[in-house]
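Below is the file run34.json, which contains JSON, C-alpha atoms.
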```
[["chain", "number", "residue", "atom", "x", "y", "z"],
["J", 1, "MET", "CA", -9.77, 39.03, 25.33],
["J", 2, "LYS", "CA", -11.27, 40.72, 22.35],
["J", 3, "SER", "CA", -8.30, 39.86, 20.18],
["J", 4, "ILE", "CA", -8.64, 36.12, 20.78],
["J", 5, "SER", "CA", -12.28, 35.94, 19.70],
["J", 6, "GLU", "CA", -11.46, 38.06, 16.66],
["J", 7, "LEU", "CA", -8.68, 35.69, 15.82],
["J", 8, "ARG", "CA", -11.04, 32.76, 16.13],
["J", 9, "VAL", "CA", -13.49, 34.34, 13.70],
["J", 10, "PHE", "CA", -10.62, 35.04, 11.36],
["J", 11, "TYR", "CA", -9.57, 31.37, 11.44],
["J", 12, "TRP", "CA", -13.09, 30.17, 10.77],
["J", 13, "VAL", "CA", -13.38, 32.50, 7.79],
["J", 14, "LEU", "CA", -10.04, 31.26, 6.55],
["J", 15, "ILE", "CA", -11.06, 27.61, 6.86],
["J", 16, "ALA", "CA", -14.38, 28.27, 5.13],
["J", 17, "LEU", "CA", -12.66, 30.12, 2.29],
["J", 18, "TRP", "CA", -10.11, 27.39, 1.90],
["J", 19, "GLY", "CA", -12.74, 24.67, 1.74],
["J", 20, "GLY", "CA", -14.88, 26.67, -0.67],
["J", 21, "LEU", "CA", -11.97, 27.43, -2.92],
["J", 22, "GLY", "CA", -10.80, 23.84, -3.01],
["J", 23, "SER", "CA", -14.20, 22.46, -3.96],
["J", 24, "THR", "CA", -14.81, 25.01, -6.72],
["J", 25, "VAL", "CA", -11.44, 24.35, -8.29],
["J", 26, "TRP", "CA", -12.09, 20.63, -8.15],
["J", 27, "ALA", "CA", -15.58, 20.99, -9.58],
["J", 28, "GLU", "CA", -14.41, 23.19, -12.43],
["J", 29, "ASP", "CA", -11.65, 20.79, -13.32],
["J", 30, "ASN", "CA", -14.08, 17.92, -13.63],
["J", 31, "LEU", "CA", -16.68, 20.01, -15.37],
["J", 32, "ILE", "CA", -14.34, 21.05, -18.14],
["J", 33, "GLU", "CA", -12.93, 17.58, -18.52],
["J", 34, "ASN", "CA", -16.41, 16.07, -18.76],
["J", 35, "ALA", "CA", -18.30, 18.65, -20.78],
["J", 36, "LEU", "CA", -15.90, 19.00, -23.67],
["J", 37, "ASN", "CA", -15.00, 15.42, -24.37],
["J", 38, "PRO", "CA", -16.95, 13.40, -26.92],
["J", 39, "VAL", "CA", -15.90, 10.13, -25.27],
["J", 40, "LEU", "CA", -17.60, 11.18, -22.07],
["J", 41, "LEU", "CA", -20.79, 12.07, -23.91],
["J", 42, "ASP", "CA", -21.11, 8.49, -25.10],
["J", 43, "PRO", "CA", -22.25, 6.20, -22.26],
["J", 44, "VAL", "CA", -20.64, 3.06, -23.72],
["J", 45, "LEU", "CA", -17.28, 4.73, -24.26],
["J", 46, "THR", "CA", -17.52, 6.40, -20.87],
["J", 47, "GLU", "CA", -17.90, 3.06, -19.19],
["J", 48, "ARG", "CA", -14.96, 1.59, -21.05],
["J", 49, "TYR", "CA", -12.95, 4.71, -20.29],
["J", 50, "GLN", "CA", -13.71, 4.48, -16.58],
["J", 51, "HIS", "CA", -12.89, 0.79, -16.53],
["J", 52, "LEU", "CA", -9.58, 1.21, -18.38],
["J", 53, "THR", "CA", -8.40, 4.16, -16.31],
["J", 54, "GLN", "CA", -9.06, 2.16, -13.15],
["J", 55, "GLU", "CA", -6.85, -0.63, -14.46],
["J", 56, "PHE", "CA", -3.77, 1.41, -15.26],
["J", 57, "ARG", "CA", -1.24, 2.52, -12.72],
["J", 58, "CYS", "CA", -0.29, 6.12, -12.31],
["J", 59, "LEU", "CA", 3.39, 5.74, -13.11],
["J", 60, "VAL", "CA", 4.77, 8.36, -10.79],
["J", 61, "CYS", "CA", 2.61, 7.73, -7.76],
["J", 62, "GLN", "CA", 3.24, 3.98, -7.44],
["J", 63, "ASN", "CA", -0.04, 2.73, -6.09],
["J", 64, "GLN", "CA", -2.84, 4.76, -7.57],
["J", 65, "SER", "CA", -4.76, 4.23, -10.74],
["J", 66, "ILE", "CA", -4.64, 6.95, -13.37],
["J", 67, "ALA", "CA", -8.33, 7.54, -12.72],
["J", 68, "ASP", "CA", -7.57, 8.50, -9.13],
["J", 69, "SER", "CA", -4.47, 10.57, -9.73],
["J", 70, "ASP", "CA", -4.04, 14.22, -10.58],
["J", 71, "ALA", "CA", -0.40, 13.82, -11.57],
["J", 72, "ALA", "CA", 0.44, 15.36, -14.94],
["J", 73, "VAL", "CA", 1.43, 12.03, -16.49],
["J", 74, "ALA", "CA", -1.84, 10.46, -15.34],
["J", 75, "GLN", "CA", -3.76, 13.27, -17.03],
["J", 76, "ASP", "CA", -1.78, 12.76, -20.22],
["J", 77, "LEU", "CA", -2.55, 9.06, -20.16],
["J", 78, "ARG", "CA", -6.25, 9.73, -19.65],
["J", 79, "GLU", "CA", -6.31, 12.14, -22.58],
["J", 80, "LYS", "CA", -4.52, 9.66, -24.81],
["J", 81, "ILE", "CA", -6.91, 6.86, -23.79],
["J", 82, "LYS", "CA", -9.85, 9.10, -24.66],
["J", 83, "ARG", "CA", -8.36, 9.66, -28.09],
["J", 84, "GLN", "CA", -7.74, 5.93, -28.54],
["J", 85, "LEU", "CA", -11.36, 5.20, -27.65],
["J", 86, "GLN", "CA", -12.51, 7.82, -30.15],
["J", 87, "GLU", "CA", -10.34, 6.23, -32.81],
["J", 88, "GLY", "CA", -12.17, 2.98, -32.21],
["J", 89, "LEU", "CA", -9.42, 0.90, -30.64],
["J", 90, "SER", "CA", -10.57, -2.11, -28.63],
["J", 91, "ASP", "CA", -9.78, -2.46, -24.93],
["J", 92, "GLN", "CA", -7.33, -5.20, -25.84],
["J", 93, "GLU", "CA", -5.51, -2.96, -28.32],
["J", 94, "ILE", "CA", -5.37, -0.09, -25.85],
["J", 95, "ARG", "CA", -3.99, -2.39, -23.17],
["J", 96, "ALA", "CA", -1.39, -3.79, -25.58],
["J", 97, "PHE", "CA", -0.35, -0.26, -26.58],
["J", 98, "TRP", "CA", 0.41, 0.77, -23.00],
["J", 99, "ILE", "CA", 2.05, -2.50, -21.98],
["J", 100, "SER", "CA", 4.38, -2.34, -24.98],
["J", 101, "ARG", "CA", 5.55, 1.10, -23.84],
["J", 102, "TYR", "CA", 5.50, 0.95, -20.06],
["J", 103, "GLY", "CA", 5.66, -2.79, -19.39],
["J", 104, "ASP", "CA", 3.51, -4.94, -17.12],
["J", 105, "PHE", "CA", 4.14, -2.36, -14.42],
["J", 106, "ILE", "CA", 1.41, -0.16, -15.86],
["J", 107, "GLU", "CA", -1.24, -2.70, -14.94],
["J", 108, "LEU", "CA", -2.45, -2.15, -11.42],
["J", 109, "ASN", "CA", -3.29, -5.85, -11.22],
["J", 110, "PRO", "CA", -0.13, -7.61, -12.31],
["J", 111, "PRO", "CA", -0.82, -10.23, -15.00],
["J", 112, "LEU", "CA", -0.28, -13.88, -14.17],
["J", 113, "ASN", "CA", 2.92, -14.98, -15.91],
["J", 114, "ALA", "CA", 6.19, -16.76, -15.12],
["J", 115, "GLN", "CA", 7.63, -13.67, -13.45],
["J", 116, "THR", "CA", 4.66, -12.97, -11.23],
["J", 117, "VAL", "CA", 3.45, -16.48, -10.45],
["J", 118, "LEU", "CA", 4.98, -16.34, -6.96],
["J", 119, "LEU", "CA", 3.10, -13.13, -6.26],
["J", 120, "TRP", "CA", -0.19, -14.79, -7.03],
["J", 121, "VAL", "CA", 0.42, -18.23, -5.56],
["J", 122, "ALA", "CA", 2.36, -17.37, -2.39],
["J", 123, "PRO", "CA", -0.59, -16.06, -0.33],
["J", 124, "PHE", "CA", -2.62, -19.20, -1.02],
["J", 125, "VAL", "CA", 0.30, -21.48, -0.20],
["J", 126, "PHE", "CA", 0.90, -19.54, 2.98],
["J", 127, "LEU", "CA", -2.75, -19.66, 4.00],
["J", 128, "THR", "CA", -3.08, -23.38, 3.28],
["J", 129, "GLY", "CA", 0.08, -24.05, 5.27],
["J", 130, "LEU", "CA", -1.26, -22.06, 8.17],
["J", 131, "ILE", "CA", -4.61, -23.83, 8.18],
["J", 132, "LEU", "CA", -2.96, -27.27, 7.97],
["J", 133, "ASN", "CA", -0.64, -26.34, 10.80],
["J", 134, "VAL", "CA", -3.43, -25.18, 13.06],
["J", 135, "PHE", "CA", -5.44, -28.27, 12.24],
["J", 136, "TRP", "CA", -2.53, -30.59, 12.94],
["J", 137, "HIS", "CA", -1.78, -28.81, 16.20],
["J", 138, "TYR", "CA", -5.37, -29.00, 17.28],
["J", 139, "ARG", "CA", -5.46, -32.72, 16.62],
["J", 140, "GLN", "CA", -2.31, -33.29, 18.64],
["J", 141, "GLN", "CA", -3.68, -31.31, 21.57],
["J", 142, "LYS", "CA", -6.80, -33.38, 21.45],
["J", 143, "ARG", "CA", -4.86, -36.62, 21.35],
["J", 144, "LYS", "CA", -2.78, -35.55, 24.36],
["J", 145, "SER", "CA", -5.83, -34.78, 26.45],
["N", 1, "MET", "CA", 13.32, -30.97, 18.88],
["N", 2, "SER", "CA", 10.57, -29.92, 21.27],
["N", 3, "GLY", "CA", 7.40, -28.15, 20.21],
["N", 4, "SER", "CA", 8.41, -24.76, 21.52],
["N", 5, "GLN", "CA", 11.78, -25.06, 19.80],
["N", 6, "LYS", "CA", 10.02, -25.85, 16.58],
["N", 7, "TRP", "CA", 7.82, -22.80, 16.96],
["N", 8, "ALA", "CA", 10.81, -20.62, 17.76],
["N", 9, "LEU", "CA", 12.52, -21.86, 14.60],
["N", 10, "LEU", "CA", 9.42, -21.22, 12.52],
["N", 11, "PHE", "CA", 9.02, -17.76, 14.00],
["N", 12, "GLY", "CA", 12.67, -17.00, 13.37],
["N", 13, "MET", "CA", 12.37, -18.09, 9.76],
["N", 14, "LEU", "CA", 9.28, -15.97, 9.30],
["N", 15, "MET", "CA", 10.97, -12.92, 10.79],
["N", 16, "GLY", "CA", 14.02, -13.57, 8.64],
["N", 17, "GLY", "CA", 11.79, -13.67, 5.59],
["N", 18, "VAL", "CA", 10.14, -10.40, 6.57],
["N", 19, "LEU", "CA", 13.56, -8.80, 7.11],
["N", 20, "ILE", "CA", 14.84, -9.96, 3.72],
["N", 21, "PHE", "CA", 11.66, -8.67, 2.11],
["N", 22, "CYS", "CA", 12.04, -5.27, 3.80],
["N", 23, "TYR", "CA", 15.69, -5.10, 2.79],
["N", 24, "LEU", "CA", 14.87, -5.82, -0.86],
["N", 25, "ALA", "CA", 11.88, -3.48, -0.86],
["N", 26, "LEU", "CA", 13.86, -0.58, 0.58],
["N", 27, "ASN", "CA", 16.66, -1.10, -1.90],
["N", 28, "HIS", "CA", 14.31, -1.17, -4.82],
["N", 29, "ASP", "CA", 14.60, 2.16, -6.62],
["N", 30, "PRO", "CA", 11.47, 2.72, -8.71],
["N", 31, "ARG", "CA", 13.47, 5.05, -10.95],
["N", 32, "LYS", "CA", 15.56, 2.13, -12.12],
["N", 33, "LEU", "CA", 12.56, 0.39, -13.57],
["N", 34, "PRO", "CA", 13.94, -0.86, -16.88],
["N", 35, "SER", "CA", 12.33, 0.52, -19.99],
["N", 36, "VAL", "CA", 10.53, -2.16, -21.98],
["N", 37, "LEU", "CA", 11.65, -0.32, -25.10],
["N", 38, "ILE", "CA", 15.27, -1.38, -24.64],
["N", 39, "GLY", "CA", 16.32, -3.43, -27.63],
["N", 40, "ARG", "CA", 13.61, -1.91, -29.81],
["N", 41, "VAL", "CA", 13.96, 0.55, -32.65],
["N", 42, "VAL", "CA", 13.10, 4.16, -31.86],
["N", 43, "PRO", "CA", 9.55, 4.83, -33.07],
["N", 44, "SER", "CA", 9.57, 6.80, -36.30],
["N", 45, "LEU", "CA", 7.76, 9.90, -35.13],
["N", 46, "HIS", "CA", 7.91, 13.36, -36.64],
["N", 47, "TRP", "CA", 9.37, 15.96, -34.36],
["N", 48, "GLU", "CA", 9.25, 19.71, -34.76],
["N", 49, "GLU", "CA", 12.42, 21.65, -34.24],
["N", 50, "LEU", "CA", 12.33, 24.00, -31.27],
["N", 51, "ASP", "CA", 13.57, 27.08, -33.11],
["N", 52, "ARG", "CA", 11.91, 26.38, -36.44],
["N", 53, "PRO", "CA", 8.69, 24.44, -35.85],
["N", 54, "GLU", "CA", 8.17, 24.14, -39.60],
["N", 55, "LYS", "CA", 11.27, 21.96, -39.83],
["N", 56, "LYS", "CA", 10.49, 18.33, -39.02],
["N", 57, "HIS", "CA", 12.84, 15.56, -37.98],
["N", 58, "VAL", "CA", 12.47, 11.81, -37.83],
["N", 59, "LEU", "CA", 14.83, 10.15, -35.40],
["N", 60, "SER", "CA", 15.56, 7.31, -37.79],
["N", 61, "GLU", "CA", 17.09, 9.92, -40.15],
["N", 62, "LEU", "CA", 19.90, 10.30, -37.69],
["N", 63, "LYS", "CA", 21.09, 6.70, -37.99],
["N", 64, "GLY", "CA", 24.82, 6.17, -38.13],
["N", 65, "HIS", "CA", 25.56, 8.01, -34.90],
["N", 66, "TRP", "CA", 25.12, 7.23, -31.27],
["N", 67, "LEU", "CA", 22.23, 9.37, -30.09],
["N", 68, "VAL", "CA", 21.43, 10.72, -26.68],
["N", 69, "LEU", "CA", 17.81, 11.78, -26.34],
["N", 70, "ASN", "CA", 17.32, 14.04, -23.38],
["N", 71, "TRP", "CA", 13.83, 15.09, -22.30],
["N", 72, "TRP", "CA", 13.80, 18.42, -20.49],
["N", 73, "ALA", "CA", 11.72, 21.49, -19.66],
["N", 74, "SER", "CA", 12.49, 24.99, -18.49],
["N", 75, "TRP", "CA", 10.12, 24.55, -15.53],
["N", 76, "CYS", "CA", 11.91, 21.42, -14.34],
["N", 77, "MET", "CA", 14.33, 21.95, -11.47],
["N", 78, "GLU", "CA", 16.04, 18.61, -11.83],
["N", 79, "CYS", "CA", 16.82, 19.47, -15.44],
["N", 80, "ARG", "CA", 18.68, 22.53, -14.23],
["N", 81, "ALA", "CA", 20.64, 20.27, -11.91],
["N", 82, "GLU", "CA", 21.85, 18.06, -14.78],
["N", 83, "HIS", "CA", 22.42, 20.91, -17.23],
["N", 84, "THR", "CA", 26.11, 21.53, -16.49],
["N", 85, "LEU", "CA", 26.81, 17.83, -16.80],
["N", 86, "LEU", "CA", 25.10, 17.76, -20.20],
["N", 87, "LEU", "CA", 27.27, 20.66, -21.39],
["N", 88, "ASN", "CA", 30.39, 18.83, -20.25],
["N", 89, "LEU", "CA", 29.35, 15.51, -21.74],
["N", 90, "LYS", "CA", 28.63, 17.12, -25.10],
["N", 91, "LYS", "CA", 32.14, 18.58, -25.15],
["N", 92, "LYS", "CA", 33.64, 15.24, -24.18],
["N", 93, "HIS", "CA", 31.65, 13.04, -26.59],
["N", 94, "GLU", "CA", 31.70, 14.98, -29.82],
["N", 95, "ASP", "CA", 30.94, 11.90, -31.90],
["N", 96, "VAL", "CA", 27.58, 11.52, -30.20],
["N", 97, "GLN", "CA", 24.50, 13.37, -31.45],
["N", 98, "TRP", "CA", 22.98, 15.20, -28.49],
["N", 99, "ILE", "CA", 19.28, 15.67, -29.01],
["N", 100, "GLY", "CA", 17.17, 17.67, -26.62],
["N", 101, "ILE", "CA", 13.42, 17.16, -26.53],
["N", 102, "ASN", "CA", 11.63, 20.04, -24.88],
["N", 103, "TYR", "CA", 8.66, 18.64, -22.96],
["N", 104, "LYS", "CA", 5.36, 20.42, -22.22],
["N", 105, "ASP", "CA", 6.93, 23.82, -22.22],
["N", 106, "VAL", "CA", 6.37, 27.34, -23.49],
["N", 107, "ARG", "CA", 8.63, 27.75, -26.50],
["N", 108, "ALA", "CA", 9.91, 31.21, -25.54],
["N", 109, "ASP", "CA", 10.75, 29.97, -22.03],
["N", 110, "ALA", "CA", 12.65, 27.02, -23.47],
["N", 111, "GLN", "CA", 14.63, 29.23, -25.83],
["N", 112, "ALA", "CA", 15.46, 31.70, -23.05],
["N", 113, "TYR", "CA", 16.61, 28.81, -20.85],
["N", 114, "LEU", "CA", 19.04, 27.52, -23.47],
["N", 115, "LYS", "CA", 20.27, 31.02, -24.16],
["N", 116, "SER", "CA", 21.07, 31.80, -20.55],
["N", 117, "LEU", "CA", 22.41, 28.40, -19.41],
["N", 118, "GLY", "CA", 24.07, 27.25, -22.64],
["N", 119, "ASP", "CA", 22.84, 24.83, -25.25],
["N", 120, "PRO", "CA", 23.97, 21.22, -24.76],
["N", 121, "TYR", "CA", 22.11, 19.96, -27.83],
["N", 122, "GLN", "CA", 22.99, 19.69, -31.50],
["N", 123, "ILE", "CA", 19.34, 19.32, -32.35],
["N", 124, "SER", "CA", 16.53, 20.70, -30.24],
["N", 125, "LEU", "CA", 13.08, 19.23, -30.76],
["N", 126, "GLN", "CA", 9.80, 19.94, -29.04],
["N", 127, "ASP", "CA", 6.94, 17.90, -27.61],
["N", 128, "PRO", "CA", 4.59, 20.62, -26.34],
["N", 129, "SER", "CA", 1.70, 18.31, -25.45],
["N", 130, "GLY", "CA", 3.86, 15.52, -24.05],
["N", 131, "ASP", "CA", 2.03, 13.16, -26.34],
["N", 132, "ARG", "CA", 5.03, 11.68, -28.11],
["N", 133, "ALA", "CA", 6.76, 11.13, -24.81],
["N", 134, "LEU", "CA", 4.07, 8.54, -24.09],
["N", 135, "ASP", "CA", 5.15, 6.70, -27.23],
["N", 136, "LEU", "CA", 8.58, 6.25, -25.75],
["N", 137, "GLY", "CA", 7.36, 5.29, -22.31],
["N", 138, "VAL", "CA", 8.61, 8.50, -20.73],
["N", 139, "TYR", "CA", 7.57, 9.11, -17.12],
["N", 140, "GLY", "CA", 8.57, 12.75, -16.83],
["N", 141, "VAL", "CA", 11.53, 15.08, -17.12],
["N", 142, "PRO", "CA", 14.42, 14.76, -17.07],
["N", 143, "GLU", "CA", 14.77, 11.43, -18.79],
["N", 144, "THR", "CA", 17.55, 10.22, -21.04],
["N", 145, "PHE", "CA", 17.79, 7.51, -23.70],
["N", 146, "LEU", "CA", 20.87, 6.14, -25.37],
["N", 147, "VAL", "CA", 20.27, 4.99, -28.95],
["N", 148, "ASP", "CA", 22.81, 3.08, -31.02],
["N", 149, "PRO", "CA", 23.78, 3.89, -34.63],
["N", 150, "LYS", "CA", 21.19, 1.40, -35.90],
["N", 151, "GLY", "CA", 18.42, 3.27, -34.11],
["N", 152, "VAL", "CA", 17.96, 0.70, -31.35],
["N", 153, "ILE", "CA", 17.29, 1.96, -27.82],
["N", 154, "ARG", "CA", 20.01, 0.64, -25.55],
["N", 155, "TRP", "CA", 19.59, 2.40, -22.22],
["N", 156, "ARG", "CA", 17.33, 4.77, -20.45],
["N", 157, "TRP", "CA", 17.69, 6.79, -17.30],
["N", 158, "ALA", "CA", 14.84, 8.48, -15.46],
["N", 159, "GLY", "CA", 15.75, 11.52, -13.39],
["N", 160, "PRO", "CA", 18.83, 13.72, -13.51],
["N", 161, "LEU", "CA", 21.73, 12.05, -15.21],
["N", 162, "ASP", "CA", 24.81, 11.23, -13.18],
["N", 163, "GLU", "CA", 28.18, 11.20, -14.81],
["N", 164, "ALA", "CA", 29.44, 7.86, -13.56],
["N", 165, "SER", "CA", 26.33, 5.96, -14.64],
["N", 166, "PHE", "CA", 26.31, 7.55, -18.06],
["N", 167, "GLU", "CA", 30.00, 7.00, -18.75],
["N", 168, "GLU", "CA", 29.91, 3.42, -17.53],
["N", 169, "GLN", "CA", 26.85, 2.60, -19.59],
["N", 170, "PHE", "CA", 28.06, 4.42, -22.67],
["N", 171, "LYS", "CA", 31.38, 2.59, -22.57],
["N", 172, "LYS", "CA", 29.66, -0.73, -22.06],
["N", 173, "GLU", "CA", 27.21, -0.24, -24.90],
["N", 174, "SER", "CA", 29.35, 1.55, -27.46],
["N", 175, "GLY", "CA", 32.83, 0.29, -26.70],
["N", 176, "LEU", "CA", 34.06, 3.83, -27.44]]
```

Structure rendered as C-alpha cells:
Amino acid sequence: MKSISELRVFYWVLIALWGGLGSTVWAEDNLIENALNPVLLDPVLTERYQHLTQEFRCLVCQNQSIADSDAAVAQDLREKIKRQLQEGLSDQEIRAFWISRYGDFIELNPPLNAQTVLLWVAPFVFLTGLILNVFWHYRQQKRKS
Amino acid sequence: MSGSQKWALLFGMLMGGVLIFCYLALNHDPRKLPSVLIGRVVPSLHWEELDRPEKKHVLSELKGHWLVLNWWASWCMECRAEHTLLLNLKKKHEDVQWIGINYKDVRADAQAYLKSLGDPYQISLQDPSGDRALDLGVYGVPETFLVDPKGVIRWRWAGPLDEASFEEQFKKESGL
C-alpha cells in the first residue's frame, strides 16, 4: 500500500505546484502591464481606461469584455486604447474610432438604434403582456367564484 | 375556443418562437460578420516591406488594380491550410495584385515559411505589432480583403479562404 500513499503525495505536490505556477504567471503579467504604463500611473486615465475596456467586446470570444479577456486581439485593443488615452482622445472619440472599424458589435451593450430597437423593447413588451395576462386571468377566476 | 385551448395555442406559439430563435442562432456564423469598412477607401497607412523594411508602401499607391489583401502569419495553422489555394488563385488571377500582410510574426520565420511553401504574394508587407490590423478591423489571421481598382474595400473574409466563396464574390464584384 506504500505506492498508493506515495502517489497521493505526488498528486498533492503536483496540484500545489500547478496552482503556484498559475498564480505567479498571472501576477507577473499584471505587474508588468501595470508598472510600465503611464496611463495606469494616472488615476483619472486609469479610471477611464477601466471603464472603456469594460464596454468593448472581445471580438473573438463573443461575450467577454476586452478587460476580462486574455485573447491576443483583446490585449492589442487594450494597448491601443492606452495609447489613445495618452494622446488625449476623449472617450467619445475613442468609442467612435472603434465603432467605425469594428461596427456596433464591438460595444458590449448594443446601442439603441433602428436595428436594435426590438432587442431593447421586446423584453418589456413581453413582461407587460405577461403581467396583463395574469391580472386578467386572476380577475376572471375571481368573477367565476 | 376554450381556455385550455387558448393556452395550448399560446404555448405552441411560444415554443415555435423559441424554435425559430434557436434555428436562427445556430445558423448564425460569427465569422460572417460583415466588415463595417466595406464601401470605404482603404486607410492610407504606411507599410514596411517584409524583405526590405526600409521600403515603404501605401496601399493607395496600388490603385488601378484589383487588390487582395491577405493577413497571415507563420505561426497560424489555418494560414497553412489556405496556402495552396492562394498559390493557385494567384496563378489563375494574374491581373489581381496579391498582397500578403505578415501579422505579429518573427521576420525570419515569415521568410522561411514563404521560401519553403511558395510565395503567393506579389508584394509582402509586415505588421509586426498587429497595430495596423486594428485600423482595418481585422480580428485575426487569416483574413482576406478584396479591394477594387479605386481603393474601395468590397469584401472581407475572416478565416481560411475557400475557393468557391472567393471566386463567386470576385466575379460578382469585378465582373471579370

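Contact shell of stretch 48-65 of chain N at 7 Å (all atoms listed in the file; same-chain neighbours under 5 positions omitted): Val96, Gln97, Ser124, Leu125, Gln126, Asp148, Pro149, Lys150 and Gly151 of chain N.
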
Output C-alpha atoms for every residue in the selection just made, as an mmCIF file, keeping the file's coordinate frame.
```cif
data_model
loop_
_atom_site.group_PDB
_atom_site.id
_atom_site.type_symbol
_atom_site.label_atom_id
_atom_site.label_comp_id
_atom_site.auth_asym_id
_atom_site.auth_seq_id
_atom_site.Cartn_x
_atom_site.Cartn_y
_atom_site.Cartn_z
ATOM 1 C CA VAL N 96 27.580 11.520 -30.200
ATOM 2 C CA GLN N 97 24.500 13.370 -31.450
ATOM 3 C CA SER N 124 16.530 20.700 -30.240
ATOM 4 C CA LEU N 125 13.080 19.230 -30.760
ATOM 5 C CA GLN N 126 9.800 19.940 -29.040
ATOM 6 C CA ASP N 148 22.810 3.080 -31.020
ATOM 7 C CA PRO N 149 23.780 3.890 -34.630
ATOM 8 C CA LYS N 150 21.190 1.400 -35.900
ATOM 9 C CA GLY N 151 18.420 3.270 -34.110
#
```

Query - Residues near N:Trp98, cut-off 6 Å, only C-alpha atoms, skip fewer than 6 positions along chain, as number ranges by chain - result: N: 68, 121-122

Requested in this report: Pull out every residue of chain J that has at least one atom within 7 Å of chain N, counting all atoms listed in the file, and report them as a list in words.
Outcome: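 Residues of chain J within 7 Å of chain N, counting all atoms listed in the file: Leu59, Val60, Val73, Ser100, Arg101, Tyr102 and Gly103 of chain J.
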
Export, as a compact mmCIF listing (two decimals), in the coordinates of the input, the selected residues with C-alpha atoms.
```txt
# COMPACT_ATOMS: atom_id res chain seq x y z
CA LEU J 59 3.39 5.74 -13.11
CA VAL J 60 4.77 8.36 -10.79
CA VAL J 73 1.43 12.03 -16.49
CA SER J 100 4.38 -2.34 -24.98
CA ARG J 101 5.55 1.10 -23.84
CA TYR J 102 5.50 0.95 -20.06
CA GLY J 103 5.66 -2.79 -19.39
```

Box dimensions and centre (Å, one decimal) enclosing stretch 116-124 of chain J, axis-aligned, 4 Å extra per side, as JSON:
```
{"center_x": 1.2, "center_y": -16.1, "center_z": -5.8, "size_x": 15.6, "size_y": 14.2, "size_z": 18.9}
```

**Report entry** From N:Leu67, N:Met77, N:Tyr103, N:Lys171, residue lying nearest N:Ile123 [all atoms listed in the file]
**Finding:** N:Leu67

Query raised in the report: Near N:Cys76, within 12 Å and counting only C-alpha atoms, which residues show up once chain neighbours fewer than 4 positions away are dropped, as a PyMOL selection string?
Result: chain N and resi 71-72+80-83+102-105+109-110+113+140-143+159-160

Requested in this report: Please measure the separation of atom CA of N:Cys79 and atom CA of N:Ile99, giving the value in Å to one decimal.
Outcome: 14.3 Å

Requested in this report: Would you work out the distance separating atom CA of J:Leu108 from atom CA of J:Leu127, expressed in Å to one decimal?
Outcome: 23.3 Å

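Put simply, atom CA of N:Lys172 is 26.6 Å away from atom CA of N:Asp119.
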
Query raised in the report: Residues at most 8 Å from stretch 40-52 of chain J, counting all atoms listed in the file, excluding those fewer than 2 positions away in the same chain, as a VMD selection string?
Result: chain J and resid 34 to 35 37 to 38 54 to 56 67 81 to 82 85 91

Emit the selected residues as a CSV table (one decimal), in the coordinates of the input, including C-alpha atoms.
```csv
chain,number,residue,atom,x,y,z
J,34,ASN,CA,-16.4,16.1,-18.8
J,35,ALA,CA,-18.3,18.6,-20.8
J,37,ASN,CA,-15.0,15.4,-24.4
J,38,PRO,CA,-17.0,13.4,-26.9
J,54,GLN,CA,-9.1,2.2,-13.2
J,55,GLU,CA,-6.8,-0.6,-14.5
J,56,PHE,CA,-3.8,1.4,-15.3
J,67,ALA,CA,-8.3,7.5,-12.7
J,81,ILE,CA,-6.9,6.9,-23.8
J,82,LYS,CA,-9.8,9.1,-24.7
J,85,LEU,CA,-11.4,5.2,-27.6
J,91,ASP,CA,-9.8,-2.5,-24.9
```
